[in-house]
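Beneath this line is the structure, given in structure tokens, with notes to follow.
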Amino acid sequence: MTAYIIRRVWQMIPTMLGVILLVFLLFNWVGGDPAYVLAGKISNQEQIDNIRRQLGVDQPYWVQLWIFIKQVLTADFGASWSTNEKVSHILATRLGPSLTVGVPLLVLDALISIALALAVAYVRGSLTDRLVMVVCTVGLSISILVYIIVFQYFFAYKLGWFPVQGWGNDVLENLFVYSTLPILIGLVVSIAPSLRLYRTFVLDEINQDYVRTARAKGLSENRIMWIHVLRNASIPIITNLMSALPGLLLGIFLIERFFSIPGIGREVILAVERSDFPVIKAITVYTAFATMASNLLADLMYKAVDPRVQLK
Amino acid sequence: MVHYAAFISGVGMSFRDSVRRAGGIAFVGLVAAIVAAPAAAVADPNKVLRAAFPTAETGFDPVRISDLYSNTVNEAIFDRLLTYDYLARPAKLVPMAVEGMPEVSDNGRTYVFRLRKGIYFTPDPAFKEHRRELVAEDFVYSFKRFMDPKNRSPWAFMIEGKIEGLDELAEAAKKSGRFDYDAKVPGMQAVDRYTLKFRLKHTDFNFLYITAHVPFGAMAREVVEAYGDDVQAHPVGSGPYILKQWTRAAKIVLEANPGYRGFTWDFAVSDPAWDDALVAAMRGKIMPQIGRVEISIIDEDQSRWLAFNQKELDYLALPATFRPQVFDADNTLKSEWKDQGVSLFRAIEPDIGYTYFNFRDPLVGGFTREKIALRRAIIMGYNLDDEIRVVRKFQAVPAEMPIPVGVVGHDPSYRSINRYDPGLANRLLDHFGYNKGKDGYRTLPDGKPLVVHQASGSSAIERDFNELWQKSMDAIGIRMVFDIGKFSDHLKASKACQLMMWGAAWTADYPDGDNFMQLLYGPNTGQSNNGCYESKAFDAFYKKATRLPNSPERDFLFLEMTRQMEVDGAWSLHTSRERNQLIRPWVKGYKKHPILHGEFVYMDLEPRT
């Protein structure tokens, strides 16, 4: 196991180098010269050159790339070009609000989707099953923007059940007051695809011989579905859940923006609007790292839930 | 603790009057009285104003930030030498941290300010428990910071090339890599603790506006040195408010500065229809009244709109999308809002939107008759009414001249000669040999294809503009293509005179026509004159105007410049934006100022209903 983990971590290095190179090339080819924007309303070439020098974008490309690599190695991405705030501080302070919404959303989405998937798969072909699938299909075809606008209008403004927007200083207040509607919207958006996906995983299992054998042994339907079927269906479910984990680092762009949640997603939008490369590259690198780490975690979890899986 | 309230407003003479009196050393006293105020902070901590910014702030170091919203906060925190009368229109300068208006002499080259005694910075660990008084040297230091290359200030242009010895100090810093803040600058001296003297390289009657510009507020050197690069998170000023809480890009909380000297609300009516009630509600109050200002950053229009509807915000700049829900067909406030006691304040922003032509471009540039005809035909072919109706959603008015409403030099009776007239545009093009081909599009007089390129971004409003341009140009047979790119790339190309056409906007830094006309001044090519318009006639008018104080003679020169740029077809001048502010009934004293944005300093709150 340890050797496997070391090997996987070792394999991350070339992947990370690829990410670094890609981000660097994209920024330099697509990103534009930030000095012209930072120089203000009226500027001359000398001032622009001064800014370029301070930002280091006047250096040869290979020097800039080496600086980028050093930043990744030291986890120090410097300061935001537009606000001068340390990038590490940006990430540290914005991650909390994103996780406050993202973690409950991920957990609830998994629990509800898995439970519903087991239920509708159990009654597959029935009116309930078909109705749920139709609702899911309709739900999938509606943009998250529509959900946000409609839910914010009706549940927050018209009915007054939730605040229209906002964020406080208290974790519990943020979780139970300000995050409730965003989480609800997130669930409405995410449950439909998750449910459809998990249902197919469960359906693949409930026709297997071991299910028939379990029934022949007289096991209860609950035990068959929740223990035997779920365990065997869990590997693709784990894959799906683990692939969603890095998304926690990115936040939920539109939800954070509409509900004024000071999370990473909103910061990403701001950084892109301001061509704030230090912030963009830090978030990109961390997300890439989180993706690789969650993939590794997923592999380890496969082994935990299914001893037949061999880690090589 | 002793506080002072100054009757600093409504009794001052105008800058124009002051300059007229300048003959040798002219004393331009505007302060009528300085009287002692109650010996206690008057702001009520229970009065909490809730406002919203649509865009996140960037920080609070006045030298480094250039966005409107950070400046709005700084406006309440930092004292400038001068500020603006709250009600006077056009905006009028009045003293802020000084006892009276400065002495102006030497034909607008020497300015002497006398600071008020007893102004203190808010306590901060950087002061090591000493009570720190605001002195003339603080302004000298703060002005120097703009020229320190390390600060890469976006406001450096406002004093660059103006103050004797300051540019030389900046040059030395570029060579040595260190700005010498201890060096004496001949043109900027703290004569004594409370006397500040500026000596300019050239006559500049707009210099006083610079001293009123929010970024030019006073900072204490100890604070800047104590916090270093993080000073943008520690705005320590001497103004009416202090930064109490800052959750970046989410929430800003200001609290009334308990050590603030205060001032008595005593502004004179300039627009009776709005001001009478405002003056009746506010006159005589010691300011600030509002103890706490909570500013939420709410990016989305719908979220701000619903928050205002839910009374989570006390006032709101109406997003254009929601205009139909506020206005009746006759363009007045709907009764449902009136029934709630909500009032509407309309103001034309001191800004202009325009599209410039590159005068160095071989296709549309130059001063030959056929090129002028082409540009003017394009200008006359552009459907301005559709822009106001469709793109601006009625929240804009036509800009008749480059100087917008509320800015010195604007003439409300002036009418542009380049009006929307596609028929005339077609005839003009026909006359100069821009004939239509089989495909319905025109060619150049020599028969070569005529394809006009306009730079553009990819935002929704830019797409709307592109559609409008396309439709307008199709109507006069001109093929227009849009080069979609990044703002920074376009800006770079623009400064190098490489874009054929590009849309731009300008908002007043100070309320004087010079701030707008400099966009067309030939020597500013590569800096702010992005159309690279170099008209000898225009430049001569401009140079003459810069040597004059605010006067009818200078106003006339502004009109001459306007006519010249119109005749040359330098810009397709579009609109000035209209701001519609919705105000809850418990908010008292609101009036949108054209230059100031922190109106809450002059406002009060009654209990919410």
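How things are named: the first chain in the structure tokens is A, the next is B, and so on; residues count from 1 in each chain; ligands count from 1 in the order shown.
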
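Proximity to chain A at a cut-off of 6 Å picks out Thr58, Gly59, Pro154, Ala250, Ile298, Glu300, Ser488, Asp489, Gln527 and Ser528 of chain B on chain B, counting only C-alpha atoms.
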
Serialized selection, N, CA and C atoms, as a PDB file, in the first residue's frame:
ATOM      1  N   THR B  58     -10.964  47.112  -3.936  1.00  0.00           N
ATOM      2  CA  THR B  58      -9.646  46.486  -4.129  1.00  0.00           C
ATOM      3  C   THR B  58      -8.711  46.723  -2.947  1.00  0.00           C
ATOM      4  N   GLY B  59      -8.979  47.766  -2.160  1.00  0.00           N
ATOM      5  CA  GLY B  59      -8.110  48.071  -1.027  1.00  0.00           C
ATOM      6  C   GLY B  59      -8.248  49.539  -0.680  1.00  0.00           C
ATOM      7  N   PRO B 154      -1.854  54.787 -10.074  1.00  0.00           N
ATOM      8  CA  PRO B 154      -2.624  55.136 -11.274  1.00  0.00           C
ATOM      9  C   PRO B 154      -3.021  56.612 -11.306  1.00  0.00           C
ATOM     10  N   ALA B 250     -16.703  41.348   0.377  1.00  0.00           N
ATOM     11  CA  ALA B 250     -17.979  40.902   0.935  1.00  0.00           C
ATOM     12  C   ALA B 250     -18.647  41.995   1.761  1.00  0.00           C
ATOM     13  N   ILE B 298     -22.613  43.322  -3.385  1.00  0.00           N
ATOM     14  CA  ILE B 298     -23.637  42.473  -4.011  1.00  0.00           C
ATOM     15  C   ILE B 298     -23.460  42.601  -5.523  1.00  0.00           C
ATOM     16  N   GLU B 300     -24.662  40.917  -8.158  1.00  0.00           N
ATOM     17  CA  GLU B 300     -25.734  40.715  -9.130  1.00  0.00           C
ATOM     18  C   GLU B 300     -26.858  41.731  -8.971  1.00  0.00           C
ATOM     19  N   SER B 488      -6.962  44.638 -22.299  1.00  0.00           N
ATOM     20  CA  SER B 488      -5.558  45.067 -22.167  1.00  0.00           C
ATOM     21  C   SER B 488      -4.862  45.084 -23.531  1.00  0.00           C
ATOM     22  N   ASP B 489      -5.192  44.114 -24.376  1.00  0.00           N
ATOM     23  CA  ASP B 489      -4.583  44.091 -25.715  1.00  0.00           C
ATOM     24  C   ASP B 489      -5.048  45.284 -26.543  1.00  0.00           C
ATOM     25  N   GLN B 527      -1.040  58.490 -24.400  1.00  0.00           N
ATOM     26  CA  GLN B 527      -1.373  58.477 -22.973  1.00  0.00           C
ATOM     27  C   GLN B 527      -2.893  58.403 -22.792  1.00  0.00           C
ATOM     28  N   SER B 528      -3.561  59.501 -23.069  1.00  0.00           N
ATOM     29  CA  SER B 528      -5.019  59.478 -22.932  1.00  0.00           C
ATOM     30  C   SER B 528      -5.726  59.780 -24.253  1.00  0.00           C
TER      31      SER B 528
END

Polymer residues at most 10 Å from Pro236 in chain A, only C-alpha atoms, same-chain spacing of 2 or more positions, as number ranges by chain: A: 197-198, 201-202, 232-234, 238-242, 298, 302

At a cut-off of 7 Å, using only C-alpha atoms, what residues contact Glu255 in chain B? Leave out same-chain residues fewer than 5 positions from it and give the result as a VMD selection string. chain B and resid 241 to 244 291 to 293

Selected residue, from A:Val188, A:Ala216, A:Val272, A:Ile252, that lies nearest to Gly102 in chain A when counting only C-alpha atoms: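 Selected residue with least distance to Gly102 in chain A: A:Ile252.
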
So that I can check the surroundings of His574 in chain B, please list as an NGL selection string every protein, DNA and RNA residue that reaches within 10 Å of it, counting only C-alpha atoms and ignoring chain neighbours fewer than 4 positions away. :B and (352-355 or 379 or 382-385 or 387-388 or 396-402 or 503-505)

When you draw a straight line from CA of Lys371 in chain B to CA of Trp469 in chain B, how long is it in Å?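 CA of Trp469 in chain B lies 19.0 Å from CA of Lys371 in chain B.
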
To test your reading of the structure, identify every residue in range 38-151 of chain B that backbone DSSP assigns to helix (DSSP H, G or I), and report it as a list of chain:residue names.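 Helix (DSSP H, G or I) members of range 38-151 of chain B, listed: B:Leu68, B:Tyr69, B:Ser70, B:Asn71, B:Thr72, B:Val73, B:Asn74, B:Glu75, B:Ala76, B:Ile77, B:Pro125, B:Ala126, B:Phe127, B:Ala136, B:Glu137, B:Asp138, B:Phe139, B:Val140, B:Tyr141, B:Ser142, B:Phe143, B:Lys144, B:Arg145, B:Phe146, B:Met147, B:Pro149, B:Lys150, B:Asn151.
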
May I have the residues from that selection written out with C-alpha atoms, as a PDB file, in the first residue's frame?
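Result file out.pdb:
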ATOM      1  CA  LEU B  68     -14.741  53.895  -7.571  1.00  0.00           C
ATOM      2  CA  TYR B  69     -15.828  51.807  -4.619  1.00  0.00           C
ATOM      3  CA  SER B  70     -12.553  51.741  -2.738  1.00  0.00           C
ATOM      4  CA  ASN B  71     -12.379  55.480  -3.272  1.00  0.00           C
ATOM      5  CA  THR B  72     -15.880  55.889  -1.874  1.00  0.00           C
ATOM      6  CA  VAL B  73     -14.736  54.330   1.373  1.00  0.00           C
ATOM      7  CA  ASN B  74     -11.530  56.356   1.411  1.00  0.00           C
ATOM      8  CA  GLU B  75     -13.558  59.493   0.894  1.00  0.00           C
ATOM      9  CA  ALA B  76     -15.073  59.002   4.344  1.00  0.00           C
ATOM     10  CA  ILE B  77     -11.772  58.128   5.981  1.00  0.00           C
ATOM     11  CA  PRO B 125      -0.591  51.306  17.025  1.00  0.00           C
ATOM     12  CA  ALA B 126       1.680  52.964  14.465  1.00  0.00           C
ATOM     13  CA  PHE B 127       1.453  56.159  16.511  1.00  0.00           C
ATOM     14  CA  ALA B 136       1.313  70.142   6.551  1.00  0.00           C
ATOM     15  CA  GLU B 137       4.155  67.645   6.253  1.00  0.00           C
ATOM     16  CA  ASP B 138       1.590  64.816   6.019  1.00  0.00           C
ATOM     17  CA  PHE B 139       0.277  66.255   2.777  1.00  0.00           C
ATOM     18  CA  VAL B 140       3.807  66.719   1.451  1.00  0.00           C
ATOM     19  CA  TYR B 141       4.511  63.067   2.234  1.00  0.00           C
ATOM     20  CA  SER B 142       1.207  61.872   0.781  1.00  0.00           C
ATOM     21  CA  PHE B 143       1.735  63.769  -2.463  1.00  0.00           C
ATOM     22  CA  LYS B 144       5.254  62.355  -2.770  1.00  0.00           C
ATOM     23  CA  ARG B 145       3.899  58.819  -2.567  1.00  0.00           C
ATOM     24  CA  PHE B 146       2.176  59.238  -5.924  1.00  0.00           C
ATOM     25  CA  MET B 147       5.509  59.703  -7.617  1.00  0.00           C
ATOM     26  CA  PRO B 149       7.743  54.262  -8.709  1.00  0.00           C
ATOM     27  CA  LYS B 150       7.316  51.460  -6.182  1.00  0.00           C
ATOM     28  CA  ASN B 151       3.706  52.514  -5.638  1.00  0.00           C
TER      29      ASN B 151
END

Can you tell me, as a list in words, what residues are no more than 10 Å from Val326 in chain B when counting only C-alpha atoms, ignoring any on the same chain fewer than 5 positions away?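 My list of contacting residues is Leu318, Asn331, Thr332, Leu333, Lys334, Ser335, Glu336, Trp337, Lys338, Leu344, Asn580 and Leu582 of chain B.
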
As a compact mmCIF listing (two decimals) with N, CA and C atoms, in the first residue's frame, please: the residues near Lys303 in chain A (cut-off 12 Å, only C-alpha atoms, same-chain neighbours under 3 positions excluded).
# COMPACT_ATOMS: atom_id res chain seq x y z
N MET A 1 0.83 -1.21 0.00
CA MET A 1 0.00 0.00 0.00
C MET A 1 0.87 1.27 0.00
N TYR A 4 2.60 1.77 -3.16
CA TYR A 4 1.65 2.24 -4.16
C TYR A 4 1.44 3.75 -4.03
N ARG A 231 -22.87 -1.84 -1.53
CA ARG A 231 -21.42 -2.02 -1.43
C ARG A 231 -20.83 -2.33 -2.81
N SER A 234 -20.79 0.68 -5.02
CA SER A 234 -20.12 1.85 -4.44
C SER A 234 -18.88 2.31 -5.23
N ILE A 235 -18.26 1.41 -5.98
CA ILE A 235 -17.03 1.83 -6.66
C ILE A 235 -17.30 2.94 -7.68
N ILE A 238 -18.19 6.02 -5.68
CA ILE A 238 -16.99 6.67 -5.11
C ILE A 238 -16.27 7.48 -6.18
N LEU A 296 -6.26 9.65 -6.06
CA LEU A 296 -5.51 8.69 -5.24
C LEU A 296 -6.40 8.18 -4.10
N LEU A 297 -7.10 9.13 -3.49
CA LEU A 297 -7.99 8.76 -2.38
C LEU A 297 -9.08 7.80 -2.86
N ALA A 298 -9.57 8.06 -4.06
CA ALA A 298 -10.61 7.18 -4.63
C ALA A 298 -10.07 5.77 -4.79
N ASP A 299 -8.85 5.66 -5.30
CA ASP A 299 -8.24 4.33 -5.49
C ASP A 299 -8.10 3.60 -4.16
N LEU A 300 -7.70 4.35 -3.15
CA LEU A 300 -7.54 3.73 -1.83
C LEU A 300 -8.90 3.28 -1.27
N ASP A 306 -13.85 -2.82 -1.45
CA ASP A 306 -13.85 -4.08 -2.19
C ASP A 306 -12.47 -4.72 -2.11
N PRO A 307 -12.30 -5.68 -1.25
CA PRO A 307 -10.98 -6.31 -1.04
C PRO A 307 -10.44 -6.98 -2.29
N ARG A 308 -11.34 -7.21 -3.27
CA ARG A 308 -10.84 -7.86 -4.50
C ARG A 308 -9.97 -6.92 -5.32
N VAL A 309 -10.12 -5.63 -5.08
CA VAL A 309 -9.34 -4.65 -5.85
C VAL A 309 -7.88 -4.74 -5.46
N GLN A 310 -7.02 -4.86 -6.44
CA GLN A 310 -5.58 -4.92 -6.20
C GLN A 310 -4.94 -3.60 -6.61
N LEU A 311 -4.21 -2.98 -5.68
CA LEU A 311 -3.50 -1.74 -6.00
C LEU A 311 -2.12 -2.08 -6.55
N LYS A 312 -1.90 -1.78 -7.81
CA LYS A 312 -0.61 -2.12 -8.41
C LYS A 312 0.09 -0.87 -8.89

Identify which of the residues B:Asp106, B:Leu548, B:Arg261, B:Ala170 lies closest to Gly118 in chain B, counting only C-alpha atoms when measuring atom-to-atom distances.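 Closest to Gly118 in chain B, using only C-alpha atoms: B:Arg261.
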
Interatomic distance between CA of Gly522 in chain B and CA of Phe482 in chain B?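 Between CA of Gly522 in chain B and CA of Phe482 in chain B the gap works out to 26.5 Å.
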